[in-house]
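One structure below.
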Amino acid sequence: MNPLSRYSQVRSRCVLGMLALALSSQVWGGTRVGALEGLPPTRKHPFETIGSVSRGARLGFDSFGRLVVVEEGVYSVLNDEVWLDLAGRQRAVRRPNIVSLALGADGSSYYGGFGDFGSVRFGVDGRFSGRSLVGDVYPEWIRTAIFDDIVASSEGVYFSSWNGIAYQSFGGGPPTYFQFEYLGDVFLVGSQAYASTADGELFRVDVETRRLVPHPAVERNREIVVEDAAPWREGRTLLADREGKTWSFDGRDLRAESPLDRYEIAGRVSALEPLKEGGVAVAVSGRGVFLVDREGGLLVSLDAPEYHRVSEMASNEAGVLWVVTSNSVDKVHYGSPLTEYGQRFGMFLDWPLVGFDGDRMFVVSSGLLYEEAKERGVGSARFRLADNQPEGGVYSVATGGARMLLGTRDGVFQPSDGGGFSPVLKMDGLLNLAMVGADLCFAIGRNEIVAIGFRRGKWEEVARHSEGVAYAPITHSTNRSAWVELGRKGVLRLWMDADQTIRKDYFENEDWNNTWWVNVGSIGDRVVLSTLDARKVFDEERERWIDSEEVDELLNRSPKRIDRVWEDQSGDIWATHGEGVVLFARAEEGFELDSYGLEVINDRYPRVVFGSGDEVWIVAAHSLLKVRKDRGPLAKALAKPVLVSLKAGSENRELVDHGVSFSHHSVSLSYEENSPSFRFFSGAYGWREPPTFEYRFQSEAHWTSLGAGSLLAFGDLREGDYLLEVRTVESLGRKSEPLQLGFSVGSPWYRTSSAFVVYGAGALSLVSCLAMLPSYLTRRRNRELEGIVHERTLQLESAMERLEENTRNAATLEERNRLAGEIHDSLQQGVIGAIIQLDATLTLPDLSKEAAARLKVVRNMVTFVKQEVQHLVWDLDSTLNSKSELGEVLEDLVRALNSTKPKVSIERSGEPVTLSNDTRHNLLRIAQEACTNAIRHSGATNVVVRLSYTPHSVELCIEDDGIGFEKSKGLAESVGHFGLRGMVSRSKKIGADFQLDSAPGEGARVRVAVPIGEEVQVFV
């Protein structure tokens, strides 16, 4: 029969069941007075991670079972490990100052505040809004009330203030008010409420008759003022008065009683909190928090300094207590099988070792030896440096039965009966000790290995020395031998043969699996060697290697790779991995995998050490923990996850109402809300590390992990019905019952039945339109052709009008040229001949003065006629003006004038533009006249014609360097200067700006500026 099967028949016991049994009085009621324990695991939540809270914050629970921290204006909810501020900073919705919170028997949460109380409600934004229960009619004292305490019974809720009580029944109706001059506290005995006043009176609160009935219990004792209370034993409530003393009350008898008296724990009681599984937590100022069961048995002592000033506690599930300290809110796993030891207990832990000498416990760390301090009597364990420690430091310890040996660098020591430690063996270079049974120990050194045995009441050498080893960091003992882990080299087995000779068996690593370390463990007579990817089993009874399939099958049930294994006295197998411990508890058939509370110890590379009795210790790099198997089953079923938030829509509207459960297809979302987001809560806080969430959508075959979060979001879901399943999974693979959520997404407006009716009507209209389309296209084409014909007709008419105008202009120009030639050949030549004759006559010597005067007048008149005829000829003649661009015409003019003196030149600038015929003609005549005047009258040597094109005008300037004249006289003369008046007249005809600049001896300058686009059309 193999060892695993044989041991399963030795001692079978089931370690699975409900945690409530582990916490019952049958298990803990027998806790011995003076028992020394470590602190249970705690998880601290500093105030800064919660919000703007202080040590005056109050604790409560919402309808989902989540912890809520409230203070003035603060409503923070712990969703697993994430704090959610559901009060926010908005003030659009009424948000009263909250100072207290309680969960009612109806599943709703209730709040109390300044002059206000009510039920917790949340707005569409998912933030706290509150529904006040005060109503429109209320007594005057409500205005100054501060409802800082809430007591929930099975029938309603009592809101307590310093000056009165407001009772709200779950059945509805207006509140019932009871006024006090100064109220101490309201508490329940069973379902009956009692009120204690500041002057020591005690009243029974009768909500049926709305009366306060005095209770005689106080008169038989003494006046007490109750400040806190908690249900304790069956039918009795534990009270704490203003003096900090405790009493018990059953509705009839009030007697002084403290569950801590027999533990000699005295002090002012600052807070009481009932435990979910029965019993009560008592906070004592200056001492700590103490948990007692119904019978007064001490369960847990939290006497670390941070628990000396506790005024607020809360509990809503078995094994978990919430405590407000000076700077944090602590989650205390008082139901955990683990208790922790460390620096708070007087030790600095660095790869600690544990040893036991009878009922005395020792811890070795960093070469120092610590001993458990017994003088405290009750409370958490404390350690002190052991007296008379061996010199040179202690670095190894070995325990066998009730005996313990200590190893230094120079030898082996044992505890002395009178205190201190006496030498057993002097040995240079001692590395480690390995105890085999209770009477044999191997002292392993660099130079030699010595076997010492307990003979005739003392330790002595029992075998010849053997060659030592260079490295022996970890040893593992079985009933037959000692195994030494040599790191990469493999392992060494030490044992004694029948001749009392030390035997050594080396198992080289390179011959098996070339990894950096080989770990050693044992199950009965089977020694298990493990590496990163392989495992070997050695049977010490048969002295040979055996198949590892059975051991592999057991250890591979753990999702974490197992490094080492140990078997305790009851046959349970303890296995360690890199982050925690797994327990394979023996059951009626095989083993049950159990890791609750053990899987994560916040440290690396743990090892298991068995103490006296059934004590189990876990040591790691910087940790020392004790496993209390007397707490009963370690496993606890995972709670079913809870949906706490469902938001959808463009405004992220909250659709979950607290206390409402969702069933299949119970939630209908519009198509605009087809991107919902779900937030879940694991349902409990009993875990040390939060479980992860997995979901399955539409009954898919596989589950998908949410990672480290609890928020699940979907995007752009099509219309239809959906089924979402969510479960929690702990680190070793245990899974909760899945939560099933059904919801539906509506169709978009364009896929609704009414939309399809519209689509049908539209299709019919489209068919009709398609039938009419050819006729419509023909008519449209005809209209387009008609438009084209009309446009072409207008263009043709315009072209004909331009042609007709050009023809008329050409005829007019031809007629002008003919008339100009006729006038030049006849009239002008005759006038010139007359002027010549008059000039000859005026030179006759015998001409009288009177006749000469008259002839000069005639000559002037003829000269005027000549000039007028010349201007008429210029206006009619268009030979130069026939060119299209003014600059070219002026160049022709300059070339014609250069046949005589002075010299005439032209300068052009700018980009030429097209001018009307009249503008070009008048500018040309102005240039002709100005040049003619300069040639005939100025005596100039140079005449310059400048033509400039600018973006806004055309400028013509004629400038000479002649004798000049007075500008005012030249323009004012009524007779003569016909040319100047003609230039001014022509400028006005074309809307130009005319300027004349001249002075005697400074020449003359004529400037004409015509605005572009504003030329004046002149028709002759």
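All residue names refer to the structure tokens as shown: chains lettered A, B, ... in order, residues numbered from 1 in each chain, ligands numbered from 1 in order.
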Would you kindly return, as a PyMOL selection string, each protein, DNA or RNA residue with an atom no farther than 7 Å from any atom of region 276-281 of chain A, considering only C-alpha atoms and excluding same-chain residues fewer than 3 positions away?
chain A and resi 20+23+232-233+272-273+289-294+315-318
For those residues, write N, CA, C and O atoms to a file as a PDB file, in the first residue's frame.
```
ATOM      1  N   ALA A  20     -18.993  30.233   9.417  1.00  0.00           N
ATOM      2  CA  ALA A  20     -19.710  30.577  10.647  1.00  0.00           C
ATOM      3  C   ALA A  20     -19.459  29.544  11.739  1.00  0.00           C
ATOM      4  O   ALA A  20     -19.407  29.869  12.925  1.00  0.00           O
ATOM      5  N   LEU A  23     -16.354  30.256  13.570  1.00  0.00           N
ATOM      6  CA  LEU A  23     -16.386  31.414  14.441  1.00  0.00           C
ATOM      7  C   LEU A  23     -17.345  31.231  15.611  1.00  0.00           C
ATOM      8  O   LEU A  23     -17.585  32.153  16.364  1.00  0.00           O
ATOM      9  N   TRP A 232     -25.351  41.356  22.337  1.00  0.00           N
ATOM     10  CA  TRP A 232     -24.250  40.495  22.736  1.00  0.00           C
ATOM     11  C   TRP A 232     -24.726  39.056  22.817  1.00  0.00           C
ATOM     12  O   TRP A 232     -24.754  38.347  21.833  1.00  0.00           O
ATOM     13  N   ARG A 233     -25.112  38.660  23.978  1.00  0.00           N
ATOM     14  CA  ARG A 233     -25.623  37.311  24.118  1.00  0.00           C
ATOM     15  C   ARG A 233     -27.082  37.253  23.689  1.00  0.00           C
ATOM     16  O   ARG A 233     -27.715  38.262  23.438  1.00  0.00           O
ATOM     17  N   LEU A 272     -18.564  50.056  20.776  1.00  0.00           N
ATOM     18  CA  LEU A 272     -19.017  48.666  20.746  1.00  0.00           C
ATOM     19  C   LEU A 272     -19.563  48.373  19.359  1.00  0.00           C
ATOM     20  O   LEU A 272     -20.166  49.233  18.722  1.00  0.00           O
ATOM     21  N   GLU A 273     -19.336  47.163  18.893  1.00  0.00           N
ATOM     22  CA  GLU A 273     -19.860  46.766  17.584  1.00  0.00           C
ATOM     23  C   GLU A 273     -20.200  45.282  17.614  1.00  0.00           C
ATOM     24  O   GLU A 273     -19.347  44.444  17.934  1.00  0.00           O
ATOM     25  N   VAL A 289      -8.555  47.095  20.701  1.00  0.00           N
ATOM     26  CA  VAL A 289      -9.858  46.528  20.345  1.00  0.00           C
ATOM     27  C   VAL A 289      -9.811  45.033  20.623  1.00  0.00           C
ATOM     28  O   VAL A 289      -8.879  44.333  20.186  1.00  0.00           O
ATOM     29  N   PHE A 290     -10.847  44.539  21.320  1.00  0.00           N
ATOM     30  CA  PHE A 290     -10.872  43.143  21.737  1.00  0.00           C
ATOM     31  C   PHE A 290     -12.194  42.528  21.290  1.00  0.00           C
ATOM     32  O   PHE A 290     -13.262  43.097  21.514  1.00  0.00           O
ATOM     33  N   LEU A 291     -12.082  41.355  20.663  1.00  0.00           N
ATOM     34  CA  LEU A 291     -13.254  40.656  20.157  1.00  0.00           C
ATOM     35  C   LEU A 291     -13.543  39.467  21.060  1.00  0.00           C
ATOM     36  O   LEU A 291     -12.651  38.628  21.288  1.00  0.00           O
ATOM     37  N   VAL A 292     -14.769  39.410  21.567  1.00  0.00           N
ATOM     38  CA  VAL A 292     -15.172  38.322  22.455  1.00  0.00           C
ATOM     39  C   VAL A 292     -16.397  37.640  21.871  1.00  0.00           C
ATOM     40  O   VAL A 292     -17.198  38.256  21.157  1.00  0.00           O
ATOM     41  N   ASP A 293     -16.556  36.356  22.169  1.00  0.00           N
ATOM     42  CA  ASP A 293     -17.714  35.629  21.684  1.00  0.00           C
ATOM     43  C   ASP A 293     -18.874  35.760  22.665  1.00  0.00           C
ATOM     44  O   ASP A 293     -18.807  36.502  23.647  1.00  0.00           O
ATOM     45  N   ARG A 294     -19.949  35.025  22.420  1.00  0.00           N
ATOM     46  CA  ARG A 294     -21.148  35.149  23.252  1.00  0.00           C
ATOM     47  C   ARG A 294     -20.882  34.732  24.695  1.00  0.00           C
ATOM     48  O   ARG A 294     -21.530  35.229  25.621  1.00  0.00           O
ATOM     49  N   SER A 315     -19.338  46.157  11.216  1.00  0.00           N
ATOM     50  CA  SER A 315     -19.204  44.767  10.761  1.00  0.00           C
ATOM     51  C   SER A 315     -20.498  44.363  10.064  1.00  0.00           C
ATOM     52  O   SER A 315     -21.588  44.625  10.581  1.00  0.00           O
ATOM     53  N   ASN A 316     -20.349  43.739   8.891  1.00  0.00           N
ATOM     54  CA  ASN A 316     -21.531  43.320   8.140  1.00  0.00           C
ATOM     55  C   ASN A 316     -21.393  41.909   7.592  1.00  0.00           C
ATOM     56  O   ASN A 316     -22.296  41.436   6.921  1.00  0.00           O
ATOM     57  N   GLU A 317     -20.247  41.257   7.864  1.00  0.00           N
ATOM     58  CA  GLU A 317     -20.066  39.875   7.443  1.00  0.00           C
ATOM     59  C   GLU A 317     -19.139  39.175   8.415  1.00  0.00           C
ATOM     60  O   GLU A 317     -18.304  39.817   9.074  1.00  0.00           O
ATOM     61  N   ALA A 318     -19.301  37.882   8.518  1.00  0.00           N
ATOM     62  CA  ALA A 318     -18.519  37.114   9.472  1.00  0.00           C
ATOM     63  C   ALA A 318     -17.042  37.173   9.125  1.00  0.00           C
ATOM     64  O   ALA A 318     -16.644  37.073   7.968  1.00  0.00           O
TER      65      ALA A 318
END
```
Open item on the list: Need the shell around Leu39 (chain A): protein/DNA/RNA residues with any atom at most 7 Å away, counting only C-alpha atoms. Skip same-chain ones fewer than 2 positions apart. Format as a ChimeraX atom specification?
Closed with: /A:37,41,302,339-341,380
Subject >> Shell around Gln698 (chain A) at 9 Å using only C-alpha atoms, local window under 2 positions removed, as JSON, numbers by chain >> reply: {"A": [696, 700, 722, 723, 724, 725]}
| When DSSP works through the backbone of this structure, what residues of region 105-149 of chain A end up as helix (DSSP H, G or I), shown as a PyMOL selection string? | chain A and resi 140-144
For this session: Could you find all residues in region 205-363 of chain A that DSSP calls strand (DSSP E or B) from the backbone, and write them as number ranges by chain?
Result: A: 205-206, 211-214, 226-231, 237-241, 246-249, 254-256, 269-274, 280-284, 288-292, 298-302, 313-317, 320-324, 328-332, 338-341, 353-357, 360-363
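Omitting Ala621 (chain A) and its sequence neighbours fewer than 6 positions away, and counting only C-alpha atoms, the residues within 7 Å are Asp350, Trp351, Asp603, Arg604 and Tyr605 of chain A.
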Using only C-alpha atoms, the residue out of A:Ser63, A:Ser196, A:Ser682, A:Gln837 with shortest distance to Asn163 (chain A) is A:Ser196
For region 400-407 of chain A, please output as a CSV table (one decimal) with N, CA, C and O atoms, in the first residue's frame all residues within 7 Å (counting only C-alpha atoms; exclusion window: fewer than 3 positions along the same chain).
```csv
chain,number,residue,atom,x,y,z
A,355,GLY,N,12.0,28.3,16.5
A,355,GLY,CA,12.3,27.1,17.3
A,355,GLY,C,11.5,27.0,18.5
A,355,GLY,O,11.0,28.0,19.0
A,356,PHE,N,11.3,25.8,19.1
A,356,PHE,CA,10.5,25.6,20.2
A,356,PHE,C,11.2,24.7,21.2
A,356,PHE,O,11.8,23.6,20.9
A,357,ASP,N,11.2,25.2,22.4
A,357,ASP,CA,11.8,24.4,23.5
A,357,ASP,C,10.7,24.2,24.6
A,357,ASP,O,10.4,25.1,25.4
A,358,GLY,N,10.0,23.1,24.5
A,358,GLY,CA,8.9,22.9,25.3
A,358,GLY,C,7.8,23.8,24.9
A,358,GLY,O,7.4,23.8,23.7
A,394,VAL,N,23.3,34.0,16.6
A,394,VAL,CA,22.6,32.7,16.3
A,394,VAL,C,22.2,32.8,14.8
A,394,VAL,O,21.5,33.7,14.4
A,395,TYR,N,22.5,31.7,14.1
A,395,TYR,CA,22.2,31.7,12.6
A,395,TYR,C,21.4,30.5,12.2
A,395,TYR,O,21.0,30.4,11.0
A,396,SER,N,21.2,29.5,13.1
A,396,SER,CA,20.5,28.3,12.7
A,396,SER,C,19.8,27.8,14.0
A,396,SER,O,20.2,28.0,15.1
A,397,VAL,N,18.7,27.1,13.8
A,397,VAL,CA,17.9,26.5,14.9
A,397,VAL,C,17.3,25.2,14.4
A,397,VAL,O,16.9,25.0,13.3
A,411,GLY,N,29.7,26.9,17.0
A,411,GLY,CA,29.3,25.7,17.7
A,411,GLY,C,27.8,25.6,17.9
A,411,GLY,O,27.0,26.4,17.4
A,412,VAL,N,27.4,24.6,18.7
A,412,VAL,CA,26.0,24.3,19.0
A,412,VAL,C,25.7,24.5,20.4
A,412,VAL,O,26.5,24.2,21.3
A,413,PHE,N,24.5,25.1,20.7
A,413,PHE,CA,24.1,25.5,22.1
A,413,PHE,C,22.7,24.9,22.3
A,413,PHE,O,21.9,24.7,21.4
A,414,GLN,N,22.4,24.7,23.6
A,414,GLN,CA,21.0,24.3,24.0
A,414,GLN,C,20.6,25.2,25.2
A,414,GLN,O,21.4,25.8,25.9
A,432,ASN,N,24.7,25.0,9.4
A,432,ASN,CA,23.3,24.8,9.6
A,432,ASN,C,23.1,23.5,10.5
A,432,ASN,O,24.1,22.7,10.7
A,433,LEU,N,21.9,23.4,11.0
A,433,LEU,CA,21.5,22.3,11.8
A,433,LEU,C,20.3,21.6,11.2
A,433,LEU,O,19.5,22.2,10.6
A,435,MET,N,17.6,18.5,12.4
A,435,MET,CA,17.1,17.6,13.4
A,435,MET,C,16.4,16.4,12.7
A,435,MET,O,15.5,16.7,11.9
A,437,GLY,N,14.1,13.4,13.9
A,437,GLY,CA,13.4,12.9,15.0
A,437,GLY,C,13.7,13.9,16.2
A,437,GLY,O,14.0,15.0,16.1
A,438,ALA,N,13.6,13.3,17.4
A,438,ALA,CA,13.8,14.1,18.6
A,438,ALA,C,15.1,13.9,19.3
A,438,ALA,O,15.5,14.6,20.2
```
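Considering the residues A:Val77, A:Ala482, A:Val644, A:Leu554 and counting only C-alpha atoms, Glu540 (chain A) has its shortest atom-to-atom contact with A:Ala482.
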Just want the 10 Å neighbourhood of Gly1003 (chain A), counted on only C-alpha atoms, with same-chain residues fewer than 2 positions away dropped. Output as a PyMOL selection string.
chain A and resi 934+938-940+943+959-965+997-1001+1005
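The coordinates place CA of Thr399 (chain A) at 15.3 Å from CA of Trp566 (chain A).
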Self-check item: Residue neighbourhood region 148-153 of chain A, 7 Å, only C-alpha atoms, exclusion window fewer than 5 positions, as a PyMOL selection string
Solution: chain A and resi 99-102+104-105+112-113+158-161+187+191
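Considering the residues A:Arg779, A:Arg480, A:Glu672, A:Glu508 and counting only C-alpha atoms, Arg526 (chain A) has its shortest atom-to-atom contact with A:Arg480.
The interatomic distance for the pair CA of Ser301 (chain A) and CA of Val269 (chain A) works out to 14.6 Å.
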